[in-house]
>>> print(open('structure00.pdb').read())   # PDB, C-alpha atoms
MODEL        1
ATOM      1  CA  MET U   1     -30.340 -22.665 -66.646
ATOM      2  CA  LEU U   2     -30.941 -19.059 -67.677
ATOM      3  CA  VAL U   3     -28.619 -19.080 -70.701
ATOM      4  CA  ASP U   4     -27.990 -21.642 -73.447
ATOM      5  CA  PHE U   5     -24.784 -23.609 -73.833
ATOM      6  CA  GLU U   6     -23.930 -21.919 -77.123
ATOM      7  CA  LEU U   7     -23.800 -18.498 -75.436
ATOM      8  CA  ILE U   8     -21.389 -19.827 -72.803
ATOM      9  CA  ALA U   9     -19.247 -21.464 -75.494
ATOM     10  CA  ARG U  10     -19.119 -18.151 -77.381
ATOM     11  CA  ALA U  11     -18.067 -16.303 -74.227
ATOM     12  CA  GLN U  12     -15.391 -18.956 -73.689
ATOM     13  CA  ARG U  13     -14.036 -18.196 -77.148
ATOM     14  CA  GLY U  14     -13.633 -14.534 -76.106
ATOM     15  CA  ASP U  15     -16.870 -13.069 -77.519
ATOM     16  CA  ALA U  16     -17.390  -9.892 -75.444
ATOM     17  CA  ALA U  17     -21.043  -9.542 -76.489
ATOM     18  CA  ALA U  18     -21.794 -13.072 -75.258
ATOM     19  CA  PHE U  19     -20.081 -12.322 -71.948
ATOM     20  CA  ASN U  20     -22.117  -9.097 -71.587
ATOM     21  CA  GLU U  21     -25.303 -11.062 -72.169
ATOM     22  CA  ILE U  22     -24.389 -13.629 -69.501
ATOM     23  CA  VAL U  23     -23.683 -10.825 -67.021
ATOM     24  CA  SER U  24     -26.962  -9.071 -67.785
ATOM     25  CA  VAL U  25     -28.916 -12.309 -67.296
ATOM     26  CA  TYR U  26     -27.294 -13.316 -64.004
ATOM     27  CA  ARG U  27     -26.365  -9.993 -62.368
ATOM     28  CA  LYS U  28     -29.671  -9.475 -60.516
ATOM     29  CA  ARG U  29     -29.635 -12.967 -59.049
ATOM     30  CA  ILE U  30     -25.964 -12.758 -58.106
ATOM     31  CA  MET U  31     -26.457  -9.335 -56.513
ATOM     32  CA  GLY U  32     -29.345 -10.727 -54.445
ATOM     33  CA  THR U  33     -27.327 -13.717 -53.285
ATOM     34  CA  ILE U  34     -24.386 -11.507 -52.332
ATOM     35  CA  THR U  35     -26.676  -9.109 -50.450
ATOM     36  CA  ARG U  36     -27.907 -12.005 -48.319
ATOM     37  CA  LEU U  37     -24.447 -13.511 -47.878
ATOM     38  CA  ILE U  38     -22.645 -10.371 -46.741
ATOM     39  CA  ALA U  39     -25.563  -8.363 -45.255
ATOM     40  CA  ARG U  40     -23.994  -5.019 -46.255
ATOM     41  CA  THR U  41     -25.873  -3.378 -49.090
ATOM     42  CA  GLU U  42     -23.246  -0.691 -49.723
ATOM     43  CA  ASP U  43     -20.592  -3.196 -50.853
ATOM     44  CA  VAL U  44     -22.801  -5.596 -52.834
ATOM     45  CA  GLU U  45     -22.128  -4.076 -56.243
ATOM     46  CA  ASP U  46     -18.399  -4.136 -55.652
ATOM     47  CA  VAL U  47     -18.416  -7.844 -54.726
ATOM     48  CA  ALA U  48     -20.738  -8.662 -57.650
ATOM     49  CA  GLN U  49     -18.349  -6.958 -60.080
ATOM     50  CA  GLU U  50     -15.535  -9.013 -58.603
ATOM     51  CA  VAL U  51     -17.554 -12.194 -59.259
ATOM     52  CA  PHE U  52     -17.979 -11.350 -62.950
ATOM     53  CA  VAL U  53     -14.329 -10.360 -63.334
ATOM     54  CA  ARG U  54     -13.362 -13.754 -61.879
ATOM     55  CA  LEU U  55     -15.865 -15.388 -64.223
ATOM     56  CA  TYR U  56     -14.276 -13.655 -67.229
ATOM     57  CA  PHE U  57     -10.783 -14.843 -66.366
ATOM     58  CA  SER U  58     -11.793 -18.381 -65.420
ATOM     59  CA  LEU U  59     -14.261 -19.151 -68.208
ATOM     60  CA  ASP U  60     -11.630 -21.113 -70.129
ATOM     61  CA  GLN U  61     -11.310 -23.490 -67.160
ATOM     62  CA  LEU U  62     -14.964 -24.481 -67.402
ATOM     63  CA  ARG U  63     -14.870 -27.903 -69.011
ATOM     64  CA  THR U  64     -18.575 -28.227 -69.793
ATOM     65  CA  PRO U  65     -21.288 -25.523 -69.940
ATOM     66  CA  LYS U  66     -23.606 -27.930 -68.061
ATOM     67  CA  VAL U  67     -21.960 -27.020 -64.759
ATOM     68  CA  PHE U  68     -22.001 -23.286 -65.426
ATOM     69  CA  GLU U  69     -24.481 -22.326 -62.683
ATOM     70  CA  PRO U  70     -22.810 -24.236 -59.817
ATOM     71  CA  TRP U  71     -19.534 -22.801 -61.129
ATOM     72  CA  LEU U  72     -20.915 -19.259 -60.974
ATOM     73  CA  TYR U  73     -22.282 -19.908 -57.482
ATOM     74  CA  ARG U  74     -18.885 -21.181 -56.456
ATOM     75  CA  LEU U  75     -17.245 -17.962 -57.694
ATOM     76  CA  THR U  76     -19.902 -15.965 -55.816
ATOM     77  CA  VAL U  77     -19.312 -17.918 -52.618
ATOM     78  CA  ASN U  78     -15.543 -17.439 -52.884
ATOM     79  CA  ALA U  79     -15.835 -13.683 -53.531
ATOM     80  CA  ALA U  80     -18.260 -13.285 -50.604
ATOM     81  CA  TYR U  81     -15.955 -15.351 -48.393
ATOM     82  CA  ASP U  82     -12.937 -13.181 -49.295
ATOM     83  CA  TYR U  83     -14.980 -10.042 -48.627
ATOM     84  CA  LEU U  84     -16.220 -11.271 -45.233
ATOM     85  CA  ARG U  85     -12.721 -12.216 -44.120
ATOM     86  CA  LYS U  86     -11.373  -8.769 -45.041
ATOM     87  CA  GLN U  87     -14.409  -7.091 -43.519
ATOM     88  CA  ARG U  88     -14.056  -8.931 -40.214
ATOM     89  CA  ARG U  89     -10.472  -7.718 -39.889
ATOM     90  CA  ARG U  90     -11.435  -4.151 -40.873
ATOM     91  CA  HIS U  91     -14.497  -4.187 -38.595
ATOM     92  CA  GLU U  92     -12.468  -5.255 -35.574
ATOM     93  CA  PHE U  93     -10.052  -2.410 -36.238
ATOM     94  CA  ARG U  94     -12.789   0.158 -36.827
ATOM     95  CA  MET U  95     -14.839  -0.779 -33.772
ATOM     96  CA  SER U  96     -11.830  -0.737 -31.495
ATOM     97  CA  ASP U  97     -11.264   2.891 -32.517
ATOM     98  CA  LEU U  98     -14.773   4.048 -31.592
ATOM     99  CA  SER U  99     -16.300   4.403 -28.158
ATOM    100  CA  GLU U 100     -19.666   2.748 -27.509
ATOM    101  CA  GLN U 101     -21.350   6.150 -27.377
ATOM    102  CA  GLN U 102     -19.935   7.094 -30.786
ATOM    103  CA  VAL U 103     -21.236   3.861 -32.272
ATOM    104  CA  MET U 104     -24.739   4.503 -30.816
ATOM    105  CA  LEU U 105     -24.754   8.076 -32.137
ATOM    106  CA  ALA U 106     -23.705   6.897 -35.595
ATOM    107  CA  ASP U 107     -26.476   4.275 -35.556
ATOM    108  CA  ALA U 108     -29.064   6.812 -34.430
ATOM    109  CA  ALA U 109     -28.028   9.281 -37.144
ATOM    110  CA  ALA U 110     -28.226   6.603 -39.828
ATOM    111  CA  GLY U 111     -31.574   5.402 -38.486
ATOM    112  CA  GLY U 112     -33.047   8.922 -38.530
ATOM    113  CA  LYS U 113     -32.555   9.198 -42.267
ATOM    114  CA  ALA U 114     -34.192   5.936 -43.183
ATOM    115  CA  ASP U 115     -37.920   5.420 -43.032
ATOM    116  CA  HIS U 116     -39.606   2.946 -40.725
ATOM    117  CA  GLU U 117     -39.622  -0.046 -43.077
ATOM    118  CA  GLU U 118     -36.003   0.440 -43.998
ATOM    119  CA  GLN U 119     -35.136   0.659 -40.311
ATOM    120  CA  GLN U 120     -36.990  -2.572 -39.669
ATOM    121  CA  GLN U 121     -35.138  -4.312 -42.512
ATOM    122  CA  LYS U 122     -31.858  -2.891 -41.299
ATOM    123  CA  ARG U 123     -32.533  -4.227 -37.803
ATOM    124  CA  ILE U 124     -33.266  -7.703 -39.192
ATOM    125  CA  ARG U 125     -30.095  -7.646 -41.297
ATOM    126  CA  GLU U 126     -28.040  -6.533 -38.320
ATOM    127  CA  ALA U 127     -29.624  -9.128 -36.018
ATOM    128  CA  VAL U 128     -28.864 -11.959 -38.440
ATOM    129  CA  ASP U 129     -25.430 -10.542 -39.199
ATOM    130  CA  SER U 130     -24.480 -10.374 -35.519
ATOM    131  CA  MET U 131     -25.953 -13.830 -34.838
ATOM    132  CA  LEU U 132     -23.897 -15.293 -37.663
ATOM    133  CA  GLY U 133     -20.817 -13.902 -35.965
ATOM    134  CA  ALA U 134     -21.012 -17.082 -33.856
ATOM    135  CA  VAL U 135     -19.825 -19.173 -36.800
ATOM    136  CA  SER U 136     -16.906 -18.952 -39.220
ATOM    137  CA  GLU U 137     -17.259 -17.112 -42.541
ATOM    138  CA  ALA U 138     -17.311 -20.432 -44.389
ATOM    139  CA  ASP U 139     -20.103 -21.836 -42.182
ATOM    140  CA  ARG U 140     -22.020 -18.579 -42.393
ATOM    141  CA  ILE U 141     -22.070 -18.793 -46.190
ATOM    142  CA  LEU U 142     -23.044 -22.471 -46.149
ATOM    143  CA  LEU U 143     -25.884 -21.769 -43.716
ATOM    144  CA  MET U 144     -27.108 -18.808 -45.757
ATOM    145  CA  LEU U 145     -27.126 -20.822 -48.974
ATOM    146  CA  LYS U 146     -29.174 -23.559 -47.310
ATOM    147  CA  GLU U 147     -31.518 -21.622 -45.018
ATOM    148  CA  VAL U 148     -32.007 -18.337 -46.860
ATOM    149  CA  GLU U 149     -31.192 -19.050 -50.513
ATOM    150  CA  GLY U 150     -33.042 -22.334 -50.198
ATOM    151  CA  LEU U 151     -30.492 -24.447 -52.080
ATOM    152  CA  SER U 152     -30.880 -28.196 -51.764
ATOM    153  CA  LEU U 153     -28.137 -30.486 -50.453
ATOM    154  CA  LYS U 154     -27.669 -31.800 -54.003
ATOM    155  CA  GLU U 155     -27.057 -28.278 -55.287
ATOM    156  CA  LEU U 156     -24.694 -27.545 -52.414
ATOM    157  CA  GLU U 157     -22.849 -30.774 -53.169
ATOM    158  CA  LYS U 158     -22.226 -29.540 -56.739
ATOM    159  CA  ILE U 159     -21.040 -26.130 -55.552
ATOM    160  CA  TYR U 160     -18.775 -27.348 -52.763
ATOM    161  CA  LYS U 161     -17.782 -30.639 -54.410
ATOM    162  CA  VAL U 162     -18.127 -32.266 -51.007
ATOM    163  CA  ASN U 163     -19.970 -35.404 -49.908
ATOM    164  CA  GLU U 164     -23.612 -34.805 -48.882
ATOM    165  CA  ASN U 165     -23.121 -36.341 -45.430
ATOM    166  CA  ALA U 166     -20.165 -34.080 -44.693
ATOM    167  CA  LEU U 167     -22.319 -31.108 -45.658
ATOM    168  CA  LYS U 168     -25.138 -32.295 -43.388
ATOM    169  CA  VAL U 169     -22.793 -32.588 -40.414
ATOM    170  CA  ARG U 170     -21.292 -29.177 -41.050
ATOM    171  CA  LEU U 171     -24.706 -27.570 -41.486
ATOM    172  CA  PHE U 172     -26.007 -29.189 -38.307
ATOM    173  CA  ARG U 173     -23.075 -27.940 -36.248
ATOM    174  CA  ALA U 174     -23.294 -24.431 -37.710
ATOM    175  CA  ARG U 175     -27.021 -24.281 -37.034
ATOM    176  CA  GLN U 176     -26.517 -25.421 -33.436
ATOM    177  CA  ARG U 177     -24.002 -22.641 -32.866
ATOM    178  CA  VAL U 178     -26.322 -20.047 -34.383
ATOM    179  CA  LEU U 179     -29.219 -21.368 -32.292
ATOM    180  CA  LYS U 180     -27.110 -21.008 -29.172
ATOM    181  CA  ALA U 181     -26.297 -17.379 -30.108
ATOM    182  CA  PHE U 182     -29.950 -16.772 -30.933
ATOM    183  CA  GLY U 183     -31.081 -18.184 -27.557
ATOM    184  CA  ALA U 184     -28.535 -16.062 -25.713
ATOM    185  CA  ASN U 185     -29.753 -12.984 -27.579
ATOM    186  CA  VAL U 186     -33.396 -13.720 -26.748
ATOM    187  CA  GLN U 187     -32.516 -14.194 -23.061
ATOM    188  CA  ARG U 188     -30.548 -10.946 -23.032
ATOM    189  CA  GLN U 189     -33.487  -9.045 -24.497
ATOM    190  CA  ALA U 190     -35.934 -10.659 -22.062
ATOM    191  CA  GLY U 191     -33.732  -9.985 -19.050
TER     192      GLY U 191
ATOM    193  CA  MET K 192     -25.524 -28.919 -25.210
ATOM    194  CA  TYR K 193     -28.122 -31.044 -26.995
ATOM    195  CA  PRO K 194     -30.259 -30.080 -29.934
ATOM    196  CA  GLY K 195     -33.353 -30.388 -27.743
ATOM    197  CA  ASP K 196     -32.235 -27.408 -25.701
ATOM    198  CA  HIS K 197     -32.773 -25.207 -28.708
ATOM    199  CA  GLY K 198     -36.136 -26.737 -29.596
ATOM    200  CA  ASN K 199     -38.065 -23.596 -28.653
ATOM    201  CA  HIS K 200     -35.964 -21.404 -30.849
ATOM    202  CA  GLU K 201     -35.855 -23.595 -33.972
ATOM    203  CA  GLN K 202     -39.036 -22.114 -35.452
ATOM    204  CA  GLU K 203     -38.153 -18.591 -34.387
ATOM    205  CA  LEU K 204     -34.809 -18.932 -36.109
ATOM    206  CA  ASP K 205     -36.474 -20.205 -39.299
ATOM    207  CA  ALA K 206     -38.858 -17.236 -39.165
ATOM    208  CA  LEU K 207     -35.926 -14.870 -38.718
ATOM    209  CA  PHE K 208     -34.183 -16.367 -41.751
ATOM    210  CA  GLN K 209     -37.373 -15.873 -43.807
ATOM    211  CA  ALA K 210     -37.631 -12.265 -42.614
ATOM    212  CA  TYR K 211     -34.001 -11.821 -43.545
ATOM    213  CA  ARG K 212     -34.718 -13.171 -47.042
ATOM    214  CA  LYS K 213     -37.424 -10.517 -47.433
ATOM    215  CA  ALA K 214     -35.184  -7.797 -45.989
ATOM    216  CA  CYS K 215     -32.569  -8.545 -48.656
ATOM    217  CA  PRO K 216     -34.485  -8.829 -51.944
ATOM    218  CA  ASP K 217     -32.839  -9.249 -55.355
ATOM    219  CA  ARG K 218     -32.065  -5.852 -56.792
ATOM    220  CA  GLU K 219     -30.875  -4.427 -60.082
ATOM    221  CA  PRO K 220     -27.360  -3.014 -60.123
ATOM    222  CA  GLY K 221     -26.669   0.628 -60.981
ATOM    223  CA  VAL K 222     -26.015   1.907 -64.496
ATOM    224  CA  ASN K 223     -22.253   1.853 -63.923
ATOM    225  CA  PHE K 224     -22.190  -1.852 -63.138
ATOM    226  CA  MET K 225     -21.220  -3.153 -66.575
ATOM    227  CA  PRO K 226     -18.668  -0.395 -67.370
ATOM    228  CA  GLY K 227     -17.191  -1.071 -63.922
ATOM    229  CA  VAL K 228     -16.816  -4.781 -64.710
ATOM    230  CA  TRP K 229     -15.006  -3.997 -67.979
ATOM    231  CA  GLN K 230     -12.794  -1.416 -66.295
ATOM    232  CA  ARG K 231     -11.678  -4.031 -63.790
ATOM    233  CA  ILE K 232     -11.119  -6.613 -66.522
ATOM    234  CA  GLU K 233      -9.018  -4.171 -68.557
ATOM    235  CA  ALA K 234      -7.034  -3.077 -65.483
ATOM    236  CA  GLN K 235      -6.243  -6.708 -64.702
ATOM    237  CA  GLN K 236      -5.290  -7.365 -68.318
ATOM    238  CA  ARG K 237      -2.988  -4.327 -68.278
ATOM    239  CA  ASN K 238      -1.319  -5.595 -65.108
ATOM    240  CA  THR K 239      -0.838  -9.025 -66.649
ATOM    241  CA  PHE K 240       0.479  -7.440 -69.851
ATOM    242  CA  SER K 241       3.007  -5.226 -68.043
ATOM    243  CA  PHE K 242       4.129  -8.213 -65.974
ATOM    244  CA  LEU K 243       4.670 -10.214 -69.170
ATOM    245  CA  ARG K 244       6.577  -7.300 -70.696
ATOM    246  CA  MET K 245       8.797  -7.048 -67.638
ATOM    247  CA  GLU K 246       9.329 -10.788 -67.785
ATOM    248  CA  GLN K 247      10.337 -10.515 -71.481
ATOM    249  CA  LEU K 248      12.700  -7.631 -70.717
ATOM    250  CA  PHE K 249      14.290  -9.635 -67.930
ATOM    251  CA  VAL K 250      14.751 -12.694 -70.165
ATOM    252  CA  THR K 251      16.258 -10.532 -72.937
ATOM    253  CA  ALA K 252      18.635  -8.812 -70.495
ATOM    254  CA  ALA K 253      19.672 -12.180 -69.030
ATOM    255  CA  ALA K 254      20.318 -13.577 -72.541
ATOM    256  CA  ALA K 255      22.377 -10.513 -73.474
ATOM    257  CA  ALA K 256      24.415 -10.755 -70.267
ATOM    258  CA  THR K 257      25.051 -14.467 -70.879
ATOM    259  CA  LEU K 258      26.175 -13.740 -74.422
ATOM    260  CA  ALA K 259      28.464 -10.933 -73.297
ATOM    261  CA  LEU K 260      29.999 -13.128 -70.595
ATOM    262  CA  GLY K 261      30.500 -15.927 -73.127
ATOM    263  CA  VAL K 262      32.275 -13.569 -75.527
ATOM    264  CA  TYR K 263      34.398 -12.190 -72.692
ATOM    265  CA  LEU K 264      35.471 -15.664 -71.582
ATOM    266  CA  TYR K 265      36.099 -16.867 -75.119
ATOM    267  CA  LEU K 266      38.113 -13.898 -76.411
ATOM    268  CA  PRO K 267      41.182 -13.935 -74.067
ATOM    269  CA  GLN K 268      42.090 -17.505 -75.067
ATOM    270  CA  ASN K 269      42.431 -16.465 -78.694
ATOM    271  CA  SER K 270      43.929 -13.070 -78.129
ATOM    272  CA  SER K 271      47.539 -13.064 -79.266
ATOM    273  CA  ALA K 272      48.420 -10.394 -76.708
ATOM    274  CA  ARG K 273      47.423 -12.516 -73.757
ATOM    275  CA  ALA K 274      48.181 -15.909 -75.212
ATOM    276  CA  GLY K 275      51.637 -16.100 -73.632
ATOM    277  CA  ALA K 276      50.372 -15.428 -70.156
ATOM    278  CA  TYR K 277      48.118 -18.435 -70.187
ATOM    279  CA  GLN K 278      50.405 -20.965 -71.792
ATOM    280  CA  GLN K 279      52.108 -21.817 -68.472
ATOM    281  CA  ASN K 280      50.470 -23.598 -65.632
ATOM    282  CA  TYR K 281      50.402 -22.189 -62.121
ATOM    283  CA  LEU K 282      53.535 -23.932 -60.825
ATOM    284  CA  GLU K 283      55.566 -22.886 -63.861
ATOM    285  CA  ALA K 284      54.470 -19.294 -63.476
ATOM    286  CA  LEU K 285      55.327 -19.398 -59.751
ATOM    287  CA  ALA K 286      58.757 -20.856 -60.440
ATOM    288  CA  ASP K 287      59.439 -18.157 -63.033
ATOM    289  CA  ALA K 288      58.424 -15.409 -60.712
ATOM    290  CA  ASN K 289      60.479 -16.760 -57.779
ATOM    291  CA  SER K 290      63.578 -18.375 -59.122
ATOM    292  CA  VAL K 291      65.778 -20.611 -56.925
ATOM    293  CA  GLU K 292      68.235 -17.792 -56.486
ATOM    294  CA  THR K 293      65.650 -15.546 -54.956
ATOM    295  CA  PRO K 294      66.835 -15.030 -51.373
ATOM    296  CA  ASP K 295      63.344 -14.389 -49.996
ATOM    297  CA  ILE K 296      62.314 -17.940 -50.618
ATOM    298  CA  VAL K 297      65.330 -20.152 -50.375
ATOM    299  CA  GLY K 298      67.899 -17.856 -48.769
ATOM    300  CA  PRO K 299      69.861 -18.944 -45.662
ATOM    301  CA  LEU K 300      67.906 -19.270 -42.503
ATOM    302  CA  ARG K 301      68.706 -16.568 -40.011
ATOM    303  CA  LEU K 302      68.302 -17.365 -36.381
ATOM    304  CA  ASP K 303      68.273 -14.683 -33.741
ATOM    305  CA  LEU K 304      70.289 -16.128 -30.929
ATOM    306  CA  SER K 305      70.531 -13.039 -28.781
ATOM    307  CA  GLN K 306      70.454 -13.429 -24.995
ATOM    308  CA  ASP K 307      66.919 -12.060 -24.543
ATOM    309  CA  SER K 308      65.335 -14.718 -26.682
ATOM    310  CA  ASN K 309      66.941 -17.564 -24.701
ATOM    311  CA  GLN K 310      65.694 -16.444 -21.327
ATOM    312  CA  PRO K 311      62.906 -18.726 -19.998
ATOM    313  CA  GLY K 312      59.471 -17.288 -19.776
ATOM    314  CA  ARG K 313      59.848 -15.007 -22.808
TER     315      ARG K 313
ENDMDL
END
>>> encode(input="structure00.pdb", output="structure tokens")
Amino acid sequence: MLVDFELIARAQRGDAAAFNEIVSVYRKRIMGTITRLIARTEDVEDVAQEVFVRLYFSLDQLRTPKVFEPWLYRLTVNAAYDYLRKQRRRHEFRMSDLSEQQVMLADAAAGGKADHEEQQQKRIREAVDSMLGAVSEADRILLMLKEVEGLSLKELEKIYKVNENALKVRLFRARQRVLKAFGANVQRQAG
Amino acid sequence: MYPGDHGNHEQELDALFQAYRKACPDREPGVNFMPGVWQRIEAQQRNTFSFLRMEQLFVTAAAAATLALGVYLYLPQNSSARAGAYQQNYLEALADANSVETPDIVGPLRLDLSQDSNQPGR
């Protein structure tokens, strides 16, 4: 726990300074998690702000400060989920408007500006992002929290408020689907 | 498809996830992050406030309309000008308006017995 219970209790009573302190302590971590969940760096700050706005308006529903971190993770997961759902709809619309050549030219132009390392990181982000297209937004987030964020099943159980076995089954199925997409991608590149 | 089919790719996938973790490190937000959060909070509070105000206005208008309707319904019964009109019931008022002598209601029945009306098929 990065903050003490008293600070959370003060924020719950409407102390703006206490709320500011909570945001300043958690914002870096939350931004990182969102970056990995949504894979689009340009919108991370926007989603992170949304998380803290939701936190502000739901703080009074937090019964005990002990569960603050899973609660904050839950808000983060929900905001990322809402973003991904909107983005998928917008992306489908945007891509249908562009020809393949236009998309390649746009990629090449963007790539030319970035240096080599950034390009490499961008390629990895895009590869994982496209591979995760094989699963639903909800499964994508669950998989990211487990495989990339490194959260344990116990922590996931607190965030999702779901039985550990149900989480295991869901994770297994999501991973199998991603593996299938990964295998297909490897074969396509080899062939 | 069985899990074994993906056996070769399990480690590669784990490595890709680790590379992804490194490609998306934690980062500090910009200087406008905190003001942006407060702007959003205040905007949402304003929206909630204006909704509550509209709700209050609606409740007040509904209460005023109910009161006005109540006064309107109550006043005619006590008004001396209209009191006479409402002291009779419907049948009495109808009988007064159409007395027994009124030919339109109880006048002799007139039958048209002309030739045309007795012909079959008409």
>>> closest_residue(input="structure00.pdb", among="K:Gln236, K:Arg218, K:Ser241, K:Gln279", to="chain U", atoms="all atoms listed in the file")
K:Arg218
>>> resolve_selection(input="structure00.pdb", expression="the PyMOL selection byres ((chain K) within 10 of (chain U))", output="ChimeraX atom specification")
/K:192-194,196-201,203-205,207-221,223-233,235-236
>>> resolve_selection(input="structure00.pdb", expression="the PyMOL selection byres ((chain U and resi 67) around 12)", output="compact mmCIF listing (two decimals) with C-alpha atoms, in the frame of the given file")
# COMPACT_ATOMS: atom_id res chain seq x y z
CA MET U 1 -30.34 -22.66 -66.65
CA VAL U 3 -28.62 -19.08 -70.70
CA ASP U 4 -27.99 -21.64 -73.45
CA PHE U 5 -24.78 -23.61 -73.83
CA ILE U 8 -21.39 -19.83 -72.80
CA LEU U 59 -14.26 -19.15 -68.21
CA GLN U 61 -11.31 -23.49 -67.16
CA LEU U 62 -14.96 -24.48 -67.40
CA ARG U 63 -14.87 -27.90 -69.01
CA THR U 64 -18.58 -28.23 -69.79
CA PRO U 65 -21.29 -25.52 -69.94
CA LYS U 66 -23.61 -27.93 -68.06
CA PHE U 68 -22.00 -23.29 -65.43
CA GLU U 69 -24.48 -22.33 -62.68
CA PRO U 70 -22.81 -24.24 -59.82
CA TRP U 71 -19.53 -22.80 -61.13
CA LEU U 72 -20.92 -19.26 -60.97
CA TYR U 73 -22.28 -19.91 -57.48
CA ARG U 74 -18.89 -21.18 -56.46
CA GLU U 155 -27.06 -28.28 -55.29
CA LYS U 158 -22.23 -29.54 -56.74
CA ILE U 159 -21.04 -26.13 -55.55
CA LYS U 161 -17.78 -30.64 -54.41
>>> resolve_selection(input="structure00.pdb", expression="the PyMOL selection byres ((chain U and resi 80-83) around 9)", output="list in words")
Ile34, Leu37, Ile38, Val47, Ala48, Val51, Leu75, Thr76, Val77, Asn78, Ala79, Leu84, Arg85, Lys86, Gln87, Arg88, Glu137, Ala138 and Ile141 of chain U
>>> atom_distance(input="structure00.pdb", atom1="atom CA of U:Ala134", atom2="atom CA of U:Arg188")
15.7 Å
>>> atom_distance(input="structure00.pdb", atom1="atom CA of U:Asn165", atom2="atom CA of U:Leu153")
9.2 Å
>>> atom_distance(input="structure00.pdb", atom1="atom CA of U:Asp139", atom2="atom CA of U:Gln189")
25.6 Å
